[in-house]
$ cat query35.cif   # mmCIF, C-alpha atoms and all ligand atoms
data_target
#
loop_
_atom_site.label_atom_id
_atom_site.label_comp_id
_atom_site.auth_asym_id
_atom_site.auth_seq_id
_atom_site.Cartn_x
_atom_site.Cartn_y
_atom_site.Cartn_z
CA MET W 1 111.71 125.73 138.96
CA ALA W 2 115.49 126.09 138.80
CA PRO W 3 117.26 124.04 136.13
CA HIS W 4 120.18 121.91 137.25
CA ARG W 5 123.50 123.70 136.75
CA THR W 6 125.53 121.78 134.22
CA GLY W 7 129.26 122.30 134.99
CA ARG W 8 131.25 119.95 132.76
CA LEU W 9 128.21 118.97 130.73
CA PRO W 10 127.80 119.88 127.06
CA ALA W 11 126.16 123.20 126.21
CA MET W 12 123.21 121.37 124.61
CA LEU W 13 122.05 120.47 128.14
CA ASP W 14 122.17 124.03 129.50
CA GLY W 15 118.87 124.86 131.15
CA ARG W 16 117.39 121.54 130.06
CA LEU W 17 117.80 119.35 133.15
CA ARG W 18 116.05 119.31 136.50
CA LEU W 19 118.44 116.66 137.75
CA PRO W 20 121.77 115.31 136.47
CA LEU W 21 119.99 112.13 135.45
CA ILE W 22 119.51 109.82 132.47
CA ALA W 23 116.68 107.28 132.60
CA ALA W 24 118.80 104.43 131.22
CA PRO W 25 118.04 102.61 127.97
CA MET W 26 116.44 99.23 128.67
CA PHE W 27 115.62 96.46 126.21
CA LEU W 28 111.85 95.78 126.08
CA VAL W 29 111.27 98.36 128.86
CA SER W 30 111.98 101.85 127.46
CA GLY W 31 109.40 102.99 124.91
CA PRO W 32 107.99 106.31 123.74
CA GLU W 33 105.74 106.87 126.80
CA LEU W 34 108.65 106.47 129.21
CA VAL W 35 111.08 108.56 127.14
CA ILE W 36 108.60 111.39 126.63
CA ALA W 37 107.54 111.44 130.30
CA CYS W 38 111.20 111.63 131.38
CA CYS W 39 112.08 114.47 129.02
CA ARG W 40 109.00 116.41 130.08
CA ALA W 41 110.00 115.97 133.73
CA GLY W 42 113.51 117.32 133.01
CA VAL W 43 115.56 114.10 133.02
CA ILE W 44 117.10 112.64 129.85
CA GLY W 45 114.88 109.88 128.46
CA SER W 46 116.67 107.18 126.50
CA PHE W 47 115.82 103.98 124.67
CA PRO W 48 117.65 101.25 122.75
CA THR W 49 116.92 101.41 119.02
CA ALA W 50 116.71 97.59 119.30
CA ASN W 51 113.31 98.08 120.97
CA CYS W 52 111.97 98.81 117.49
CA ARG W 53 111.61 95.70 115.37
CA THR W 54 112.37 97.59 112.14
CA THR W 55 113.87 100.92 111.09
CA ASP W 56 110.38 101.97 109.96
CA GLU W 57 109.19 101.53 113.50
CA LEU W 58 112.23 103.47 114.75
CA ASP W 59 111.26 106.24 112.33
CA ASP W 60 107.74 106.33 113.86
CA TRP W 61 109.10 106.37 117.42
CA LEU W 62 111.54 109.20 116.63
CA THR W 63 108.82 111.26 114.95
CA ARG W 64 106.56 110.89 117.96
CA MET W 65 109.19 111.43 120.64
CA THR W 66 110.88 114.46 119.08
CA ALA W 67 107.54 116.11 118.18
CA GLU W 68 105.92 115.58 121.59
CA VAL W 69 109.00 116.76 123.50
CA ALA W 70 109.40 119.82 121.22
CA THR W 71 105.72 120.74 121.56
CA PHE W 72 105.92 120.48 125.34
CA ARG W 73 109.09 122.60 125.38
CA GLU W 74 107.47 125.33 123.27
CA ALA W 75 104.38 125.36 125.50
CA ASN W 76 106.48 125.60 128.68
CA PRO W 77 109.32 128.04 127.98
CA GLY W 78 110.27 128.35 131.67
CA LEU W 79 110.60 124.62 132.32
CA PRO W 80 113.74 122.49 131.93
CA VAL W 81 112.72 119.95 129.27
CA ALA W 82 115.41 117.33 128.55
CA PRO W 83 116.48 115.96 125.16
CA VAL W 84 115.86 112.41 123.91
CA ALA W 85 118.88 110.08 123.84
CA ALA W 86 119.12 106.95 121.69
CA ASN W 87 121.14 103.84 122.47
CA LEU W 88 122.83 101.96 119.64
CA ILE W 89 124.23 98.49 120.26
CA VAL W 90 127.44 98.92 118.25
CA HIS W 91 128.52 95.27 118.50
CA ARG W 92 129.21 93.70 115.08
CA SER W 93 126.35 91.24 115.70
CA ASN W 94 123.88 94.14 115.24
CA PRO W 95 123.09 94.27 111.50
CA ARG W 96 121.15 97.55 111.79
CA VAL W 97 123.86 99.91 113.10
CA ALA W 98 124.27 101.88 109.86
CA GLU W 99 120.54 102.13 109.10
CA ASP W 100 119.63 103.18 112.64
CA LEU W 101 122.47 105.68 112.73
CA ALA W 102 121.25 107.27 109.50
CA LEU W 103 117.84 107.82 111.12
CA LEU W 104 119.36 109.28 114.29
CA ALA W 105 121.25 111.69 112.02
CA ARG W 106 118.06 112.63 110.17
CA TYR W 107 116.34 113.48 113.46
CA ARG W 108 119.55 115.10 114.80
CA ILE W 109 119.41 113.11 118.03
CA GLY W 110 121.91 115.05 120.14
CA LEU W 111 122.98 112.25 122.48
CA VAL W 112 123.84 108.81 121.13
CA ILE W 113 124.75 106.11 123.63
CA ALA W 114 127.08 103.48 122.15
CA SER W 115 127.01 100.18 124.03
CA VAL W 116 128.44 96.66 123.81
CA GLY W 117 131.50 97.52 121.74
CA SER W 118 133.86 100.26 120.65
CA PRO W 119 132.24 103.58 119.64
CA GLU W 120 134.91 104.14 116.97
CA HIS W 121 132.59 103.70 113.97
CA VAL W 122 129.78 105.93 115.23
CA VAL W 123 131.75 108.90 116.56
CA GLY W 124 132.46 110.40 113.10
CA PRO W 125 128.90 110.18 111.71
CA VAL W 126 127.37 111.54 114.96
CA HIS W 127 129.84 114.43 115.15
CA ASP W 128 129.08 115.23 111.49
CA TYR W 129 125.54 116.28 112.39
CA GLY W 130 126.56 117.95 115.66
CA GLY W 131 125.63 115.14 118.05
CA LEU W 132 127.64 113.72 120.93
CA VAL W 133 128.55 110.11 121.71
CA LEU W 134 128.44 108.65 125.21
CA ALA W 135 130.23 105.29 125.37
CA ASP W 136 129.59 102.45 127.83
CA VAL W 137 132.78 101.34 129.58
CA ALA W 138 133.40 98.70 132.26
CA SER W 139 137.18 98.85 132.79
CA MET W 140 140.04 101.33 132.60
CA ARG W 141 141.09 99.66 129.34
CA HIS W 142 137.66 100.51 127.93
CA VAL W 143 138.04 104.09 129.24
CA GLU W 144 141.30 104.51 127.34
CA LYS W 145 139.92 102.93 124.16
CA ALA W 146 136.71 104.97 124.19
CA ALA W 147 138.61 108.21 124.81
CA ALA W 148 141.02 107.35 121.98
CA ALA W 149 138.04 106.65 119.69
CA GLY W 150 136.78 110.21 120.33
CA ALA W 151 133.84 109.50 122.65
CA ASP W 152 132.52 112.75 124.13
CA GLY W 153 131.45 111.19 127.42
CA LEU W 154 131.72 107.90 129.27
CA ILE W 155 129.11 105.77 131.01
CA LEU W 156 130.76 103.80 133.79
CA LEU W 157 129.01 100.44 134.20
CA THR W 158 129.65 99.26 137.74
CA ALA W 159 128.93 96.22 139.89
CA GLY W 160 125.28 95.45 140.57
CA ALA W 161 123.89 97.41 137.63
CA GLY W 162 120.78 96.10 135.90
CA GLY W 163 121.11 94.47 132.49
CA GLN W 164 124.55 93.50 131.26
CA THR W 165 126.39 94.76 134.29
CA GLY W 166 129.85 96.05 135.08
CA TRP W 167 132.03 94.52 137.79
CA ALA W 168 134.17 97.43 139.04
CA ASN W 169 133.55 99.07 142.39
CA PRO W 170 131.90 102.46 141.70
CA PHE W 171 134.04 104.41 144.20
CA ALA W 172 137.29 103.15 142.70
CA PHE W 173 136.06 103.35 139.10
CA VAL W 174 134.71 106.92 139.17
CA ARG W 175 137.85 108.23 140.87
CA ALA W 176 140.14 106.43 138.40
CA ALA W 177 138.13 107.45 135.32
CA ARG W 178 137.85 111.04 136.57
CA ALA W 179 141.63 111.25 136.82
CA ALA W 180 142.03 109.88 133.29
CA PHE W 181 139.21 111.60 131.37
CA ASP W 182 138.20 115.29 131.20
CA GLY W 183 134.76 114.96 129.61
CA PRO W 184 131.38 114.16 131.14
CA ILE W 185 131.17 110.95 133.17
CA VAL W 186 127.90 109.14 133.83
CA LEU W 187 127.81 106.64 136.73
CA ALA W 188 125.65 103.56 136.12
CA GLY W 189 124.69 100.95 138.67
CA GLY W 190 122.86 100.82 141.96
CA ILE W 191 121.39 104.33 141.96
CA ALA W 192 117.68 104.57 142.79
CA ASP W 193 117.20 107.75 144.82
CA GLY W 194 118.28 111.38 145.04
CA VAL W 195 120.78 110.69 147.82
CA ALA W 196 122.75 108.23 145.69
CA LEU W 197 122.48 110.63 142.74
CA ARG W 198 124.06 113.41 144.79
CA ALA W 199 126.75 110.97 145.99
CA ALA W 200 127.61 110.16 142.37
CA GLU W 201 128.33 113.83 141.78
CA THR W 202 130.40 114.07 144.94
CA LEU W 203 132.54 111.24 143.61
CA GLY W 204 133.20 113.13 140.38
CA ALA W 205 130.44 111.97 138.03
CA ASP W 206 128.50 114.63 136.09
CA LEU W 207 125.37 112.57 135.51
CA ALA W 208 123.99 109.24 136.64
CA TYR W 209 121.95 106.49 135.05
CA MET W 210 118.91 105.00 136.72
CA GLY W 211 117.65 101.89 135.00
CA THR W 212 116.03 99.53 137.51
CA ARG W 213 114.22 102.45 139.23
CA PHE W 214 112.45 103.32 135.95
CA ILE W 215 111.28 99.74 135.23
CA ALA W 216 108.75 100.28 138.02
CA THR W 217 107.08 103.39 136.63
CA ARG W 218 103.62 103.65 135.13
CA GLU W 219 105.01 104.60 131.72
CA SER W 220 107.51 101.73 131.32
CA MET W 221 106.71 98.90 128.90
CA ALA W 222 107.44 96.23 131.55
CA SER W 223 104.51 93.94 132.40
CA GLU W 224 102.67 94.49 135.67
CA ALA W 225 104.13 91.21 137.02
CA TYR W 226 107.68 92.38 136.20
CA LYS W 227 107.09 95.75 137.88
CA ARG W 228 105.70 93.96 140.95
CA MET W 229 108.73 91.69 141.14
CA VAL W 230 111.08 94.70 141.01
CA VAL W 231 109.11 96.37 143.83
CA GLU W 232 109.22 93.22 145.96
CA ALA W 233 112.84 92.25 145.24
CA ARG W 234 115.56 92.69 147.82
CA LEU W 235 119.21 93.22 146.93
CA ASP W 236 119.76 89.51 147.64
CA ASP W 237 117.18 88.55 145.02
CA ILE W 238 119.46 89.44 142.10
CA THR W 239 121.40 86.63 140.42
CA LEU W 240 124.56 87.53 138.51
CA THR W 241 124.93 85.12 135.59
CA ARG W 242 126.35 84.80 132.10
CA ALA W 243 123.93 81.99 131.30
CA PHE W 244 121.32 83.96 129.40
CA THR W 245 123.31 86.50 127.39
CA GLY W 246 126.92 85.31 127.43
CA LEU W 247 127.92 88.46 129.35
CA PRO W 248 127.58 89.02 133.12
CA THR W 249 123.93 90.03 133.57
CA SER W 250 121.87 90.88 136.66
CA MET W 251 118.65 88.86 136.66
CA LEU W 252 115.72 88.71 139.04
CA THR W 253 116.10 85.34 140.78
CA GLY W 254 112.32 85.02 141.12
CA SER W 255 111.86 85.16 137.36
CA ILE W 256 114.47 82.42 136.84
CA VAL W 257 112.60 80.21 139.30
CA ALA W 258 109.24 81.07 137.72
CA ALA W 259 110.61 79.82 134.38
CA GLY W 260 111.24 76.43 135.98
CA LEU W 261 115.01 76.89 136.25
CA ASP W 262 117.35 76.44 139.21
CA PRO W 263 119.30 79.71 139.68
CA LEU W 264 122.08 77.74 141.41
CA ALA W 265 122.47 75.28 138.52
CA LEU W 266 122.69 77.52 135.46
CA PRO W 267 125.38 76.92 132.85
CA GLU W 268 128.47 79.06 133.43
CA ARG W 269 128.41 80.83 130.14
CA GLY W 270 126.59 81.29 126.90
CA ALA W 271 123.24 82.24 125.53
CA ILE W 272 121.47 79.06 126.54
CA ASP W 273 118.62 77.31 124.83
CA ILE W 274 116.46 77.00 127.89
CA ALA W 275 114.29 74.15 126.68
CA LYS W 276 117.11 72.10 125.18
CA ASP W 277 119.88 72.73 127.68
CA ILE W 278 118.12 72.98 130.98
CA ASN W 279 114.46 72.26 131.32
CA PRO W 280 112.06 71.15 128.61
CA GLU W 281 109.20 72.35 130.81
CA ALA W 282 110.50 75.89 130.32
CA ARG W 283 110.01 75.69 126.55
CA GLY W 284 108.87 79.01 125.15
CA LYS W 285 110.44 81.05 127.96
CA ARG W 286 112.66 83.79 126.59
CA ARG W 287 115.40 85.88 128.21
CA TRP W 288 114.36 89.53 128.78
CA ARG W 289 110.72 88.78 127.91
CA ASP W 290 110.05 86.08 130.53
CA ILE W 291 113.27 86.01 132.51
CA TRP W 292 113.71 89.52 133.77
CA SER W 293 116.64 91.75 134.57
CA ALA W 294 117.08 94.22 137.42
CA GLY W 295 120.04 95.48 139.44
CA HIS W 296 120.89 95.68 143.14
CA SER W 297 119.00 98.96 143.35
CA ALA W 298 115.73 96.96 143.19
CA GLU W 299 115.96 97.01 147.00
CA GLY W 300 115.38 100.77 146.87
CA VAL W 301 112.34 100.56 144.59
CA GLY W 302 109.14 100.43 146.61
CA ASP W 303 106.40 101.66 144.30
CA VAL W 304 105.24 102.15 140.72
CA PRO W 305 104.76 105.91 140.41
CA ALA W 306 104.18 108.05 137.32
CA VAL W 307 107.52 109.46 136.11
CA ALA W 308 106.52 113.04 137.00
CA ARG W 309 105.87 112.03 140.62
CA LEU W 310 109.06 110.01 140.81
CA VAL W 311 111.13 112.95 139.56
CA GLU W 312 109.54 115.31 142.11
CA ARG W 313 110.60 112.90 144.85
CA LEU W 314 114.11 112.52 143.43
CA VAL W 315 114.49 116.32 143.34
CA ARG W 316 113.46 116.55 147.02
CA GLU W 317 115.89 113.80 148.05
CA TYR W 318 118.67 115.32 145.96
CA ASP W 319 118.14 118.81 147.44
CA ASP W 320 118.02 117.40 150.97
CA ALA W 321 121.23 115.48 150.36
CA GLU W 322 122.90 118.60 149.00
CA ALA W 323 121.84 120.52 152.10
CA GLY W 324 123.17 117.74 154.32
CA ARG W 325 119.71 116.68 155.42
CA ALA W 326 119.81 113.14 153.98
CA THR W 327 118.76 110.58 156.52
CA GLY W 328 117.38 107.56 154.73
CA ARG W 329 115.14 106.65 151.87
CA GLY W 330 112.50 109.13 150.78
C1 LIG L 1 115.84 95.26 131.76
C2 LIG L 1 117.09 95.98 131.37
C3 LIG L 1 117.43 96.09 130.03
C4 LIG L 1 118.59 96.78 129.65
N1 LIG L 1 118.85 96.93 128.31
C5 LIG L 1 119.90 97.71 127.92
C6 LIG L 1 120.11 98.01 126.56
O1 LIG L 1 119.37 97.59 125.67
N2 LIG L 1 121.17 98.81 126.24
C7 LIG L 1 122.02 99.31 127.18
O2 LIG L 1 122.96 100.04 126.84
N3 LIG L 1 121.84 99.05 128.50
C8 LIG L 1 120.79 98.27 128.88
N4 LIG L 1 120.57 98.05 130.22
C9 LIG L 1 121.48 98.64 131.22
C10 LIG L 1 120.97 100.03 131.64
O3 LIG L 1 121.02 100.91 130.56
C11 LIG L 1 121.79 100.60 132.82
O4 LIG L 1 123.17 100.50 132.56
C12 LIG L 1 121.52 99.93 134.15
O5 LIG L 1 120.15 99.65 134.31
C13 LIG L 1 121.99 100.81 135.30
O6 LIG L 1 121.93 100.16 136.51
P1 LIG L 1 120.65 100.22 137.51
O7 LIG L 1 119.65 99.29 136.90
O8 LIG L 1 121.24 99.70 138.79
O9 LIG L 1 120.17 101.62 137.58
C14 LIG L 1 119.44 97.34 130.64
C15 LIG L 1 119.08 97.22 131.99
C16 LIG L 1 117.93 96.56 132.36
C17 LIG L 1 117.56 96.48 133.82
#
$ encode --input "query35.cif" --output "structure tokens"
Amino acid sequence: MAPHRTGRLPAMLDGRLRLPLIAAPMFLVSGPELVIACCRAGVIGSFPTANCRTTDELDDWLTRMTAEVATFREANPGLPVAPVAANLIVHRSNPRVAEDLALLARYRIGLVIASVGSPEHVVGPVHDYGGLVLADVASMRHVEKAAAAGADGLILLTAGAGGQTGWANPFAFVRAARAAFDGPIVLAGGIADGVALRAAETLGADLAYMGTRFIATRESMASEAYKRMVVEARLDDITLTRAFTGLPTSMLTGSIVAAGLDPLALPERGAIDIAKDINPEARGKRRWRDIWSAGHSAEGVGDVPAVARLVERLVREYDDAEAGRATGRG
């Protein structure tokens, strides 16, 4: 099984990837099973440290993930086995940045994804132990700031992405960022199959994120009902709203309706108190846990496979696209 050639990617990924792909970090969705399955299949598995309620729990997760991936790598010397990546919310509202970062340093997590804020305070500590920082960016101003802060790579959040989404057109954004930045670029938003993954590389990206596609896998922590809704959702079933998180977020319209809310009558902005502000019947419903996020690529998600099977399919689609044989969805 040939590893993916890495081009502009850091040496730490040499021979470690089957595809130029990161299974994106997702709040309440990415846990140890998903991360480990991804790394074993040769795609970078990532998770937000916020998925652990405490740093002790993060310690447990890191022990398990790094040990299981290392054991699998030793047992399969010929296989590309990807590294674990951790996502730190670097926004000042996160009180655990320093503690979580100290743990990532202890486990020497090679790829740290800095999101929702400037990576300036994490670049130094991560570089000190030999790790690299990938920074989320949604505008050319963010590109310039992240590059100036010393980020090693950029994750371009584009329109229609799951979670707190970008707004830029991916064609325009990748071309502009590629002209301005020499390091690795990861395209995020709307990618659910090997054809789109190959297209991201053609545009000038070195890697891509898939988030929504990995919600509907056997190993994800999403509930069965959430997975089913992602499988059934069309592109038109995604509502873009600031109502739940204060930032533009892609939500599954069906889950907003199921919580007793009118997707067309949400407040314009702000982390709302659902029961108080909108509908007392919806008391107890919580964003992310009961009101679910997914991106436009939900349209391209038609099943709930095991990660290993999904990656086999993505490799086939990617190879076909590279050979000019892409026709439609796999
Ligand atoms: C349910 C959900 C939760 C997410 N949580 C996070 C998060 O905690 N941290 C983060 O950096 N990105 C988060 N994201 C964004 C993803 O990492 C990624 O940018 C996005 O899913 C890519 O777009 P796609 O869903 O179209 O593939 C989340 C996305 C989803 C769908």
$ residues_near_ligand --input "query35.cif" --ligand "ligand LIG 1 (chain L)" --cutoff "9 Å" --atoms "only C-alpha atoms and all ligand atoms" --output "PyMOL selection string"
chain W and resi 23-30+46-51+87-89+113-116+136+155-166+187-192+208-215+222+249-251+288+292-298
$ closest_residue --input "query35.cif" --among "W:Met12, W:Ala151, W:Ala146, W:Val97" --to "W:Val84" --atoms "only C-alpha atoms"
W:Met12
$ closest_residue --input "query35.cif" --among "W:Phe173, W:Arg40, W:Glu299, W:Glu317" --to "W:Pro77" --atoms "only C-alpha atoms"
W:Arg40
$ closest_residue --input "query35.cif" --among "W:Arg198, W:Pro248, W:Val143, W:Arg106" --to "W:Tyr129" --atoms "only C-alpha atoms"
W:Arg106
$ atom_distance --input "query35.cif" --atom1 "atom CA of W:Glu74" --atom2 "atom CA of W:Leu197"
28.6 Å
$ atom_distance --input "query35.cif" --atom1 "atom CA of W:Gly324" --atom2 "atom CA of W:Ile22"
23.5 Å
$ residues_around --input "query35.cif" --residues "W:Glu144" --least-positions-apart "5" --cutoff "12 Å" --atoms "only C-alpha atoms" --output "list in words"
Ser118, Pro119, Ala135, Asp136, Val137, Ala138, Ser139, Ala149, Gly150, Ala151, Gly153, Leu154, Ala176, Ala177, Arg178, Ala179, Ala180, Phe181 and Asp182 of chain W
$ closest_residue --input "query35.cif" --among "W:Glu219, W:Asp236, W:Asp59, W:Asp100" --to "W:Ile36" --atoms "only C-alpha atoms"
W:Glu219
